[in-house]
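S.K.: Just start-v1.pdb, nothing more (PDB, C-alpha atoms and all ligand atoms):
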ATOM      1  CA  MET A   1       0.000   0.000   0.000
ATOM      2  CA  VAL A   2       1.327   3.411  -0.929
ATOM      3  CA  ASN A   3       1.364   5.836   1.976
ATOM      4  CA  PRO A   4       1.214   9.406   0.623
ATOM      5  CA  HIS A   5       3.145  10.700   3.669
ATOM      6  CA  SER A   6       6.097   8.333   3.248
ATOM      7  CA  PRO A   7       9.004   9.062   0.926
ATOM      8  CA  SER A   8       9.209   7.178  -2.366
ATOM      9  CA  VAL A   9      12.558   5.461  -2.435
ATOM     10  CA  GLY A  10      13.674   3.549  -5.511
ATOM     11  CA  VAL A  11      16.173   0.713  -5.612
ATOM     12  CA  LEU A  12      18.051   0.421  -8.873
ATOM     13  CA  ALA A  13      17.118  -3.081 -10.031
ATOM     14  CA  LEU A  14      19.278  -3.602 -13.092
ATOM     15  CA  GLN A  15      21.520  -6.082 -11.348
ATOM     16  CA  GLY A  16      22.727  -7.141  -7.918
ATOM     17  CA  ALA A  17      21.202  -7.218  -4.442
ATOM     18  CA  PHE A  18      18.127  -5.033  -4.904
ATOM     19  CA  GLU A  19      15.203  -7.045  -3.412
ATOM     20  CA  VAL A  20      16.527  -7.081   0.145
ATOM     21  CA  HIS A  21      17.069  -3.311   0.128
ATOM     22  CA  ALA A  22      13.522  -2.741  -1.079
ATOM     23  CA  ARG A  23      12.118  -4.965   1.660
ATOM     24  CA  ARG A  24      14.183  -3.241   4.369
ATOM     25  CA  LEU A  25      13.057   0.211   3.196
ATOM     26  CA  ALA A  26       9.422  -0.926   3.177
ATOM     27  CA  ASP A  27       9.801  -2.382   6.693
ATOM     28  CA  LEU A  28      11.018   1.047   7.818
ATOM     29  CA  GLY A  29       7.925   2.732   6.366
ATOM     30  CA  ALA A  30       9.120   3.974   2.952
ATOM     31  CA  ASN A  31       7.265   3.415  -0.313
ATOM     32  CA  SER A  32       9.929   1.360  -2.042
ATOM     33  CA  THR A  33       9.999   0.719  -5.781
ATOM     34  CA  LEU A  34      12.261  -1.374  -7.971
ATOM     35  CA  VAL A  35      13.658   0.889 -10.677
ATOM     36  CA  ARG A  36      14.237  -0.660 -14.100
ATOM     37  CA  LYS A  37      13.525   2.260 -16.431
ATOM     38  CA  PRO A  38      14.981   5.785 -16.455
ATOM     39  CA  SER A  39      11.473   7.308 -16.593
ATOM     40  CA  GLN A  40      10.753   5.952 -13.083
ATOM     41  CA  LEU A  41      13.335   8.274 -11.510
ATOM     42  CA  ALA A  42      11.086  11.314 -12.005
ATOM     43  CA  GLU A  43       8.639   9.993  -9.380
ATOM     44  CA  LEU A  44      11.210   9.284  -6.685
ATOM     45  CA  ASP A  45      12.385  11.214  -3.632
ATOM     46  CA  ALA A  46      15.538   9.119  -3.266
ATOM     47  CA  LEU A  47      17.416   6.146  -4.686
ATOM     48  CA  VAL A  48      19.485   3.197  -3.462
ATOM     49  CA  ILE A  49      22.194   1.896  -5.799
ATOM     50  CA  PRO A  50      22.843  -1.629  -4.520
ATOM     51  CA  GLY A  51      25.886  -3.868  -4.518
ATOM     52  CA  GLY A  52      26.645  -6.153  -7.428
ATOM     53  CA  GLU A  53      29.261  -5.715 -10.127
ATOM     54  CA  SER A  54      29.901  -2.104 -11.042
ATOM     55  CA  THR A  55      31.151  -2.942 -14.552
ATOM     56  CA  THR A  56      27.900  -4.804 -15.277
ATOM     57  CA  PHE A  57      25.901  -1.869 -13.889
ATOM     58  CA  LEU A  58      27.752   0.456 -16.230
ATOM     59  CA  LYS A  59      26.961  -1.737 -19.237
ATOM     60  CA  HIS A  60      23.252  -1.816 -18.374
ATOM     61  CA  LEU A  61      23.183   1.924 -17.673
ATOM     62  CA  GLU A  62      24.798   2.818 -20.963
ATOM     63  CA  ARG A  63      22.709   0.411 -22.981
ATOM     64  CA  SER A  64      19.347   1.479 -21.586
ATOM     65  CA  GLY A  65      19.925   5.226 -21.874
ATOM     66  CA  PHE A  66      19.933   5.435 -18.091
ATOM     67  CA  TYR A  67      23.312   6.999 -17.477
ATOM     68  CA  ASP A  68      22.518  10.683 -18.098
ATOM     69  CA  VAL A  69      19.197  10.618 -16.239
ATOM     70  CA  LEU A  70      20.853   8.908 -13.288
ATOM     71  CA  GLN A  71      23.725  11.377 -13.284
ATOM     72  CA  HIS A  72      21.236  14.223 -13.035
ATOM     73  CA  PHE A  73      19.352  12.437 -10.230
ATOM     74  CA  VAL A  74      22.456  11.829  -8.092
ATOM     75  CA  GLN A  75      23.435  15.504  -8.364
ATOM     76  CA  ASN A  76      20.086  16.563  -6.924
ATOM     77  CA  LYS A  77      18.437  13.941  -4.717
ATOM     78  CA  PRO A  78      19.394  11.744  -1.751
ATOM     79  CA  VAL A  79      21.208   8.599  -2.848
ATOM     80  CA  PHE A  80      22.594   5.630  -0.931
ATOM     81  CA  GLY A  81      25.247   3.533  -2.696
ATOM     82  CA  THR A  82      26.376   0.215  -1.237
ATOM     83  CA  CYS A  83      29.558  -1.477  -2.435
ATOM     84  CA  ALA A  84      29.264  -1.432  -6.259
ATOM     85  CA  GLY A  85      26.843   1.487  -5.730
ATOM     86  CA  CYS A  86      29.567   3.335  -3.820
ATOM     87  CA  ILE A  87      31.975   2.673  -6.707
ATOM     88  CA  LEU A  88      29.458   4.103  -9.193
ATOM     89  CA  LEU A  89      29.037   7.254  -7.098
ATOM     90  CA  ALA A  90      32.763   7.913  -6.588
ATOM     91  CA  ARG A  91      34.655  10.644  -8.388
ATOM     92  CA  GLU A  92      37.645   8.400  -9.097
ATOM     93  CA  VAL A  93      37.845   4.618  -9.553
ATOM     94  CA  SER A  94      40.986   2.475  -9.786
ATOM     95  CA  ASN A  95      41.938  -1.203 -10.223
ATOM     96  CA  PRO A  96      41.143  -0.735 -13.056
ATOM     97  CA  PRO A  97      39.952   2.824 -13.742
ATOM     98  CA  GLN A  98      36.366   3.045 -15.046
ATOM     99  CA  PRO A  99      33.732   5.741 -15.610
ATOM    100  CA  SER A 100      31.598   6.782 -12.649
ATOM    101  CA  LEU A 101      28.887   9.271 -11.748
ATOM    102  CA  GLY A 102      31.295  11.412  -9.720
ATOM    103  CA  ALA A 103      28.742  12.609  -7.155
ATOM    104  CA  LEU A 104      30.841  11.644  -4.122
ATOM    105  CA  ASP A 105      34.188  13.351  -3.729
ATOM    106  CA  ILE A 106      36.159  10.183  -2.987
ATOM    107  CA  ALA A 107      38.572   7.795  -4.698
ATOM    108  CA  VAL A 108      37.953   4.045  -4.495
ATOM    109  CA  GLU A 109      40.046   1.022  -5.343
ATOM    110  CA  ARG A 110      37.939  -1.913  -6.508
ATOM    111  CA  ASN A 111      38.362  -5.410  -5.037
ATOM    112  CA  ALA A 112      40.956  -3.987  -2.681
ATOM    113  CA  TYR A 113      41.000  -6.611   0.057
ATOM    114  CA  GLY A 114      42.456  -9.442  -2.029
ATOM    115  CA  ARG A 115      41.318 -13.001  -2.557
ATOM    116  CA  GLN A 116      41.681 -14.230   1.008
ATOM    117  CA  ASN A 117      39.511 -11.450   2.328
ATOM    118  CA  GLU A 118      36.919 -11.631  -0.466
ATOM    119  CA  SER A 119      34.139 -11.886   2.085
ATOM    120  CA  THR A 120      34.460 -10.796   5.695
ATOM    121  CA  ILE A 121      32.050 -10.047   8.493
ATOM    122  CA  LEU A 122      33.217  -7.502  11.069
ATOM    123  CA  THR A 123      31.504  -5.972  14.067
ATOM    124  CA  THR A 124      32.765  -2.469  14.706
ATOM    125  CA  GLU A 125      31.936   0.737  16.527
ATOM    126  CA  THR A 126      30.485   3.444  14.299
ATOM    127  CA  SER A 127      29.188   6.903  14.976
ATOM    128  CA  LEU A 128      25.619   5.570  14.782
ATOM    129  CA  PRO A 129      23.890   5.301  18.153
ATOM    130  CA  GLY A 130      23.084   1.815  19.424
ATOM    131  CA  GLY A 131      26.456   0.090  19.777
ATOM    132  CA  PRO A 132      28.691  -1.849  17.378
ATOM    133  CA  LEU A 133      27.458  -2.573  13.854
ATOM    134  CA  GLU A 134      27.845  -5.883  12.005
ATOM    135  CA  MET A 135      29.217  -5.316   8.490
ATOM    136  CA  VAL A 136      29.291  -7.822   5.624
ATOM    137  CA  PHE A 137      32.014  -7.131   3.049
ATOM    138  CA  ILE A 138      31.880  -8.947  -0.318
ATOM    139  CA  ARG A 139      34.659  -8.205  -2.824
ATOM    140  CA  ALA A 140      34.603  -4.760  -1.317
ATOM    141  CA  PRO A 141      36.300  -1.635  -2.600
ATOM    142  CA  ARG A 142      38.555   0.466  -0.382
ATOM    143  CA  ILE A 143      37.981   4.193  -0.077
ATOM    144  CA  THR A 144      41.482   5.591  -0.557
ATOM    145  CA  ARG A 145      40.785   9.337  -0.540
ATOM    146  CA  ILE A 146      38.009  11.553   0.777
ATOM    147  CA  SER A 147      37.539  15.294   0.476
ATOM    148  CA  SER A 148      36.892  17.563   3.439
ATOM    149  CA  GLN A 149      33.162  17.512   2.535
ATOM    150  CA  VAL A 150      32.953  13.832   3.437
ATOM    151  CA  GLU A 151      32.026  12.700   6.948
ATOM    152  CA  VAL A 152      33.337   9.280   8.045
ATOM    153  CA  LEU A 153      30.830   7.274  10.095
ATOM    154  CA  ALA A 154      32.805   4.005  10.312
ATOM    155  CA  ARG A 155      36.216   2.599   9.383
ATOM    156  CA  ARG A 156      37.843  -0.764   8.675
ATOM    157  CA  ASP A 157      41.615  -0.922   9.281
ATOM    158  CA  GLY A 158      41.698   2.859   9.191
ATOM    159  CA  SER A 159      39.890   3.213   5.821
ATOM    160  CA  PRO A 160      36.389   4.716   5.709
ATOM    161  CA  VAL A 161      33.620   2.149   5.093
ATOM    162  CA  LEU A 162      30.510   4.229   5.837
ATOM    163  CA  ILE A 163      30.516   7.845   4.701
ATOM    164  CA  ARG A 164      28.178  10.727   4.137
ATOM    165  CA  GLN A 165      28.549  13.767   1.909
ATOM    166  CA  GLY A 166      25.450  15.893   2.446
ATOM    167  CA  ARG A 167      22.474  13.980   1.025
ATOM    168  CA  ILE A 168      24.654  11.125  -0.268
ATOM    169  CA  LEU A 169      25.355   8.083   1.895
ATOM    170  CA  ALA A 170      27.700   5.265   0.892
ATOM    171  CA  SER A 171      29.005   2.058   2.402
ATOM    172  CA  THR A 172      31.587  -0.398   1.116
ATOM    173  CA  PHE A 173      29.713  -3.177   2.980
ATOM    174  CA  HIS A 174      26.209  -4.630   2.546
ATOM    175  CA  PRO A 175      23.912  -3.335   5.327
ATOM    176  CA  GLU A 176      20.938  -5.126   3.741
ATOM    177  CA  LEU A 177      22.484  -8.516   4.606
ATOM    178  CA  THR A 178      22.213  -8.149   8.380
ATOM    179  CA  ASP A 179      19.117  -7.667  10.524
ATOM    180  CA  ASP A 180      20.316  -4.285  11.802
ATOM    181  CA  PRO A 181      18.200  -1.524  10.224
ATOM    182  CA  ARG A 182      20.263   1.452  11.445
ATOM    183  CA  VAL A 183      22.059   2.300   8.181
ATOM    184  CA  HIS A 184      18.838   2.269   6.140
ATOM    185  CA  GLN A 185      17.144   4.251   8.907
ATOM    186  CA  LEU A 186      19.928   6.832   8.707
ATOM    187  CA  PHE A 187      19.348   7.085   4.962
ATOM    188  CA  LEU A 188      15.613   7.592   5.471
ATOM    189  CA  ASN A 189      16.396  10.314   8.048
ATOM    190  CA  ILE A 190      18.565  12.030   5.400
ATOM    191  CA  VAL A 191      15.698  11.680   2.890
ATOM    192  CA  GLN A 192      13.148  13.136   5.365
ATOM    193  CA  SER A 193      15.379  16.116   6.147
ATOM    194  CA  SER A 194      16.253  16.898   2.502
ATOM    195  CA  PRO A 195      14.275  19.643   0.798
ATOM    196  CA  GLY A 196      11.804  18.179  -1.787
TER     197      GLY A 196
HETATM  198  N1  LIG B   1      33.673  -6.005  -6.631
HETATM  199  C1  LIG B   1      32.477  -5.344  -7.082
HETATM  200  C2  LIG B   1      32.818  -4.218  -8.067
HETATM  201  O1  LIG B   1      33.932  -3.897  -8.242
HETATM  202  C3  LIG B   1      31.672  -4.791  -5.924
HETATM  203  C4  LIG B   1      31.235  -5.920  -5.029
HETATM  204  C5  LIG B   1      29.925  -5.706  -4.340
HETATM  205  O2  LIG B   1      29.130  -4.853  -4.711
HETATM  206  N2  LIG B   1      29.667  -6.544  -3.364
HETATM  207  O3  LIG B   1      31.958  -3.668  -8.680
END
How does this structure look as structure tokens?
Ligand code: GLN
M.R.:
Amino acid sequence: MVNPHSPSVGVLALQGAFEVHARRLADLGANSTLVRKPSQLAELDALVIPGGESTTFLKHLERSGFYDVLQHFVQNKPVFGTCAGCILLAREVSNPPQPSLGALDIAVERNAYGRQNESTILTTETSLPGGPLEMVFIRAPRITRISSQVEVLARRDGSPVLIRQGRILASTFHPELTDDPRVHQLFLNIVQSSPG
């Protein structure tokens, strides 16, 4: 049921882990929609770009005429990028270099934790209230540079893993894969406090 008082939050559903994000957002009271066509963006207050494979995302985005519309959206509306989504939002991507939307003033290195650490679960203090947060990393990127506009909310081995730049939130881990709703709740708080 669509609640007219709740924000409409899309989850980019071209590839990757989109269903679980949509369910989590709905559980927290948002009207969540799976986004498969560029025309859907016009009706949204905010967007989640999920994890997956950023190169595959790029192929889909370029093929479906999505790229330019999405670039405009991320310059203007709240966006939450997880893992591959964080890579797509970054200004600079390495290992190897690839195009990106450039909305977040950070540099990321793809697949930066090596084969042995392909998937890791860590429980770490963050600046979110409510105690340590469980974080699931899957072939995660490393954030290697941030500008002074970027606020770090959590780190792994000294590198930022949860960051915010104004209305943009990004994590190099998958918050949808644990039962803890705090990261999605933070995003919805950002959405609620952003001007229409
Ligand atoms: N390794 C993927 C990439 O470079 C990201 C992995 C993920 O989203 N879990 O795009």
S.K.: Kindly provide, as AutoDock Vina command-line options, the centre and edge lengths (Å, one decimal) of an axis-aligned box around all atoms of ligand LIG 1 (chain B) given in the file, with 3 Å on each side.
M.R.:
--center_x 31.5 --center_y -5.1 --center_z -6.0 --size_x 10.8 --size_y 8.9 --size_z 11.3
S.K.: If the limit is 6 Å from any atom of ligand LIG 1 (chain B), counting all atoms listed in the file, which residues qualify? Return them as a ChimeraX atom specification.
M.R.: /A:51-55,83-84,110-111,138-140
S.K.: Restricting the calculation to all atoms listed in the file, which member of A:Lys59, A:Arg155, A:Lys37, A:Arg24 is positioned closest to A:Leu88?
M.R.: A:Lys59
S.K.: Care to translate the PyMOL selection byres (((chain A and resi 26) around 12) and not hetatm) into actual residues of this file, as a count of residues only?
M.R.: 28
S.K.: Do you have the atom CA of A:Ala170-atom CA of A:Ser64 distance handy?
M.R.: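 Atom-to-atom, atom CA of A:Ala170 and atom CA of A:Ser64 are spaced 24.3 Å apart.
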S.K.: Which of these, A:Val183, A:Thr124, A:Gly130, A:Ser94, has the shortest distance to A:Arg156 once you count only C-alpha atoms?
M.R.: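 When distances to A:Arg156 are compared using only C-alpha atoms, the smallest one comes from A:Thr124.
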S.K.: Let me make sure I understand: among A:Glu134, A:Glu43, A:Asp105, A:Asp179, which one has the smallest atom-to-atom distance to A:Gly166 if we use all atoms listed in the file?
M.R.: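 Ranking A:Glu134, A:Glu43, A:Asp105, A:Asp179 by distance to A:Gly166, first place goes to A:Asp105.
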S.K.: Which distance in Å separates atom CA of A:Phe80 and atom CA of A:Tyr67, to one decimal?
M.R.: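 These two atoms are separated by 16.6 Å.
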S.K.: Between A:Pro129, A:Pro141, A:Pro99, A:Pro78, which residue has the minimum interatomic distance to A:Tyr113, considering all atoms listed in the file?
M.R.: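 The shortest atom-to-atom distance to A:Tyr113 comes from A:Pro141.
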S.K.: Go through A:Gly102, A:Leu89, A:Leu128, A:Gly114 one by one, measure the shortest atom-to-atom distance of each to A:Ile49 using all atoms listed in the file, and give the residue with the smallest value.
M.R.: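 The answer is A:Leu89, which sits nearest to A:Ile49.
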S.K.: How would stretch 167-189 of chain A of the given structure read as a file with N, CA and C atoms, as a PDB file, in the first residue's frame?
M.R.:
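Writing done, so here's result.pdb:
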ATOM      1  N   ARG A 167      23.609  14.906   1.183  1.00  0.00           N
ATOM      2  CA  ARG A 167      22.474  13.980   1.025  1.00  0.00           C
ATOM      3  C   ARG A 167      22.895  12.646   0.404  1.00  0.00           C
ATOM      4  N   ILE A 168      24.200  12.410   0.292  1.00  0.00           N
ATOM      5  CA  ILE A 168      24.654  11.125  -0.268  1.00  0.00           C
ATOM      6  C   ILE A 168      25.294  10.281   0.829  1.00  0.00           C
ATOM      7  N   LEU A 169      24.823   9.035   0.924  1.00  0.00           N
ATOM      8  CA  LEU A 169      25.355   8.083   1.895  1.00  0.00           C
ATOM      9  C   LEU A 169      25.990   6.941   1.109  1.00  0.00           C
ATOM     10  N   ALA A 170      27.092   6.402   1.589  1.00  0.00           N
ATOM     11  CA  ALA A 170      27.700   5.265   0.892  1.00  0.00           C
ATOM     12  C   ALA A 170      28.373   4.338   1.887  1.00  0.00           C
ATOM     13  N   SER A 171      28.299   3.044   1.584  1.00  0.00           N
ATOM     14  CA  SER A 171      29.005   2.058   2.402  1.00  0.00           C
ATOM     15  C   SER A 171      29.727   1.105   1.467  1.00  0.00           C
ATOM     16  N   THR A 172      30.884   0.607   1.928  1.00  0.00           N
ATOM     17  CA  THR A 172      31.587  -0.398   1.116  1.00  0.00           C
ATOM     18  C   THR A 172      31.146  -1.803   1.527  1.00  0.00           C
ATOM     19  N   PHE A 173      30.271  -1.886   2.546  1.00  0.00           N
ATOM     20  CA  PHE A 173      29.713  -3.177   2.980  1.00  0.00           C
ATOM     21  C   PHE A 173      28.235  -3.249   2.606  1.00  0.00           C
ATOM     22  N   HIS A 174      27.608  -4.374   2.933  1.00  0.00           N
ATOM     23  CA  HIS A 174      26.209  -4.630   2.546  1.00  0.00           C
ATOM     24  C   HIS A 174      25.294  -4.562   3.772  1.00  0.00           C
ATOM     25  N   PRO A 175      24.749  -3.418   4.119  1.00  0.00           N
ATOM     26  CA  PRO A 175      23.912  -3.335   5.327  1.00  0.00           C
ATOM     27  C   PRO A 175      22.583  -4.076   5.185  1.00  0.00           C
ATOM     28  N   GLU A 176      22.217  -4.412   3.949  1.00  0.00           N
ATOM     29  CA  GLU A 176      20.938  -5.126   3.741  1.00  0.00           C
ATOM     30  C   GLU A 176      21.062  -6.603   4.133  1.00  0.00           C
ATOM     31  N   LEU A 177      22.299  -7.089   4.331  1.00  0.00           N
ATOM     32  CA  LEU A 177      22.484  -8.516   4.606  1.00  0.00           C
ATOM     33  C   LEU A 177      22.540  -8.846   6.090  1.00  0.00           C
ATOM     34  N   THR A 178      22.351  -7.865   6.948  1.00  0.00           N
ATOM     35  CA  THR A 178      22.213  -8.149   8.380  1.00  0.00           C
ATOM     36  C   THR A 178      20.820  -7.697   8.817  1.00  0.00           C
ATOM     37  N   ASP A 179      20.463  -8.045  10.060  1.00  0.00           N
ATOM     38  CA  ASP A 179      19.117  -7.667  10.524  1.00  0.00           C
ATOM     39  C   ASP A 179      19.077  -6.251  11.092  1.00  0.00           C
ATOM     40  N   ASP A 180      20.236  -5.599  11.157  1.00  0.00           N
ATOM     41  CA  ASP A 180      20.316  -4.285  11.802  1.00  0.00           C
ATOM     42  C   ASP A 180      19.839  -3.191  10.836  1.00  0.00           C
ATOM     43  N   PRO A 181      18.760  -2.493  11.174  1.00  0.00           N
ATOM     44  CA  PRO A 181      18.200  -1.524  10.224  1.00  0.00           C
ATOM     45  C   PRO A 181      18.812  -0.126  10.299  1.00  0.00           C
ATOM     46  N   ARG A 182      19.851   0.073  11.137  1.00  0.00           N
ATOM     47  CA  ARG A 182      20.263   1.452  11.445  1.00  0.00           C
ATOM     48  C   ARG A 182      20.801   2.220  10.246  1.00  0.00           C
ATOM     49  N   VAL A 183      21.481   1.551   9.306  1.00  0.00           N
ATOM     50  CA  VAL A 183      22.059   2.300   8.181  1.00  0.00           C
ATOM     51  C   VAL A 183      20.940   2.748   7.232  1.00  0.00           C
ATOM     52  N   HIS A 184      19.978   1.868   6.975  1.00  0.00           N
ATOM     53  CA  HIS A 184      18.838   2.269   6.140  1.00  0.00           C
ATOM     54  C   HIS A 184      18.009   3.346   6.836  1.00  0.00           C
ATOM     55  N   GLN A 185      17.894   3.222   8.165  1.00  0.00           N
ATOM     56  CA  GLN A 185      17.144   4.251   8.907  1.00  0.00           C
ATOM     57  C   GLN A 185      17.848   5.603   8.791  1.00  0.00           C
ATOM     58  N   LEU A 186      19.176   5.582   8.877  1.00  0.00           N
ATOM     59  CA  LEU A 186      19.928   6.832   8.707  1.00  0.00           C
ATOM     60  C   LEU A 186      19.641   7.424   7.324  1.00  0.00           C
ATOM     61  N   PHE A 187      19.632   6.568   6.304  1.00  0.00           N
ATOM     62  CA  PHE A 187      19.348   7.085   4.962  1.00  0.00           C
ATOM     63  C   PHE A 187      17.949   7.704   4.905  1.00  0.00           C
ATOM     64  N   LEU A 188      16.973   7.024   5.496  1.00  0.00           N
ATOM     65  CA  LEU A 188      15.613   7.592   5.471  1.00  0.00           C
ATOM     66  C   LEU A 188      15.548   8.901   6.253  1.00  0.00           C
ATOM     67  N   ASN A 189      16.347   9.028   7.320  1.00  0.00           N
ATOM     68  CA  ASN A 189      16.396  10.314   8.048  1.00  0.00           C
ATOM     69  C   ASN A 189      16.969  11.411   7.135  1.00  0.00           C
TER      70      ASN A 189
END
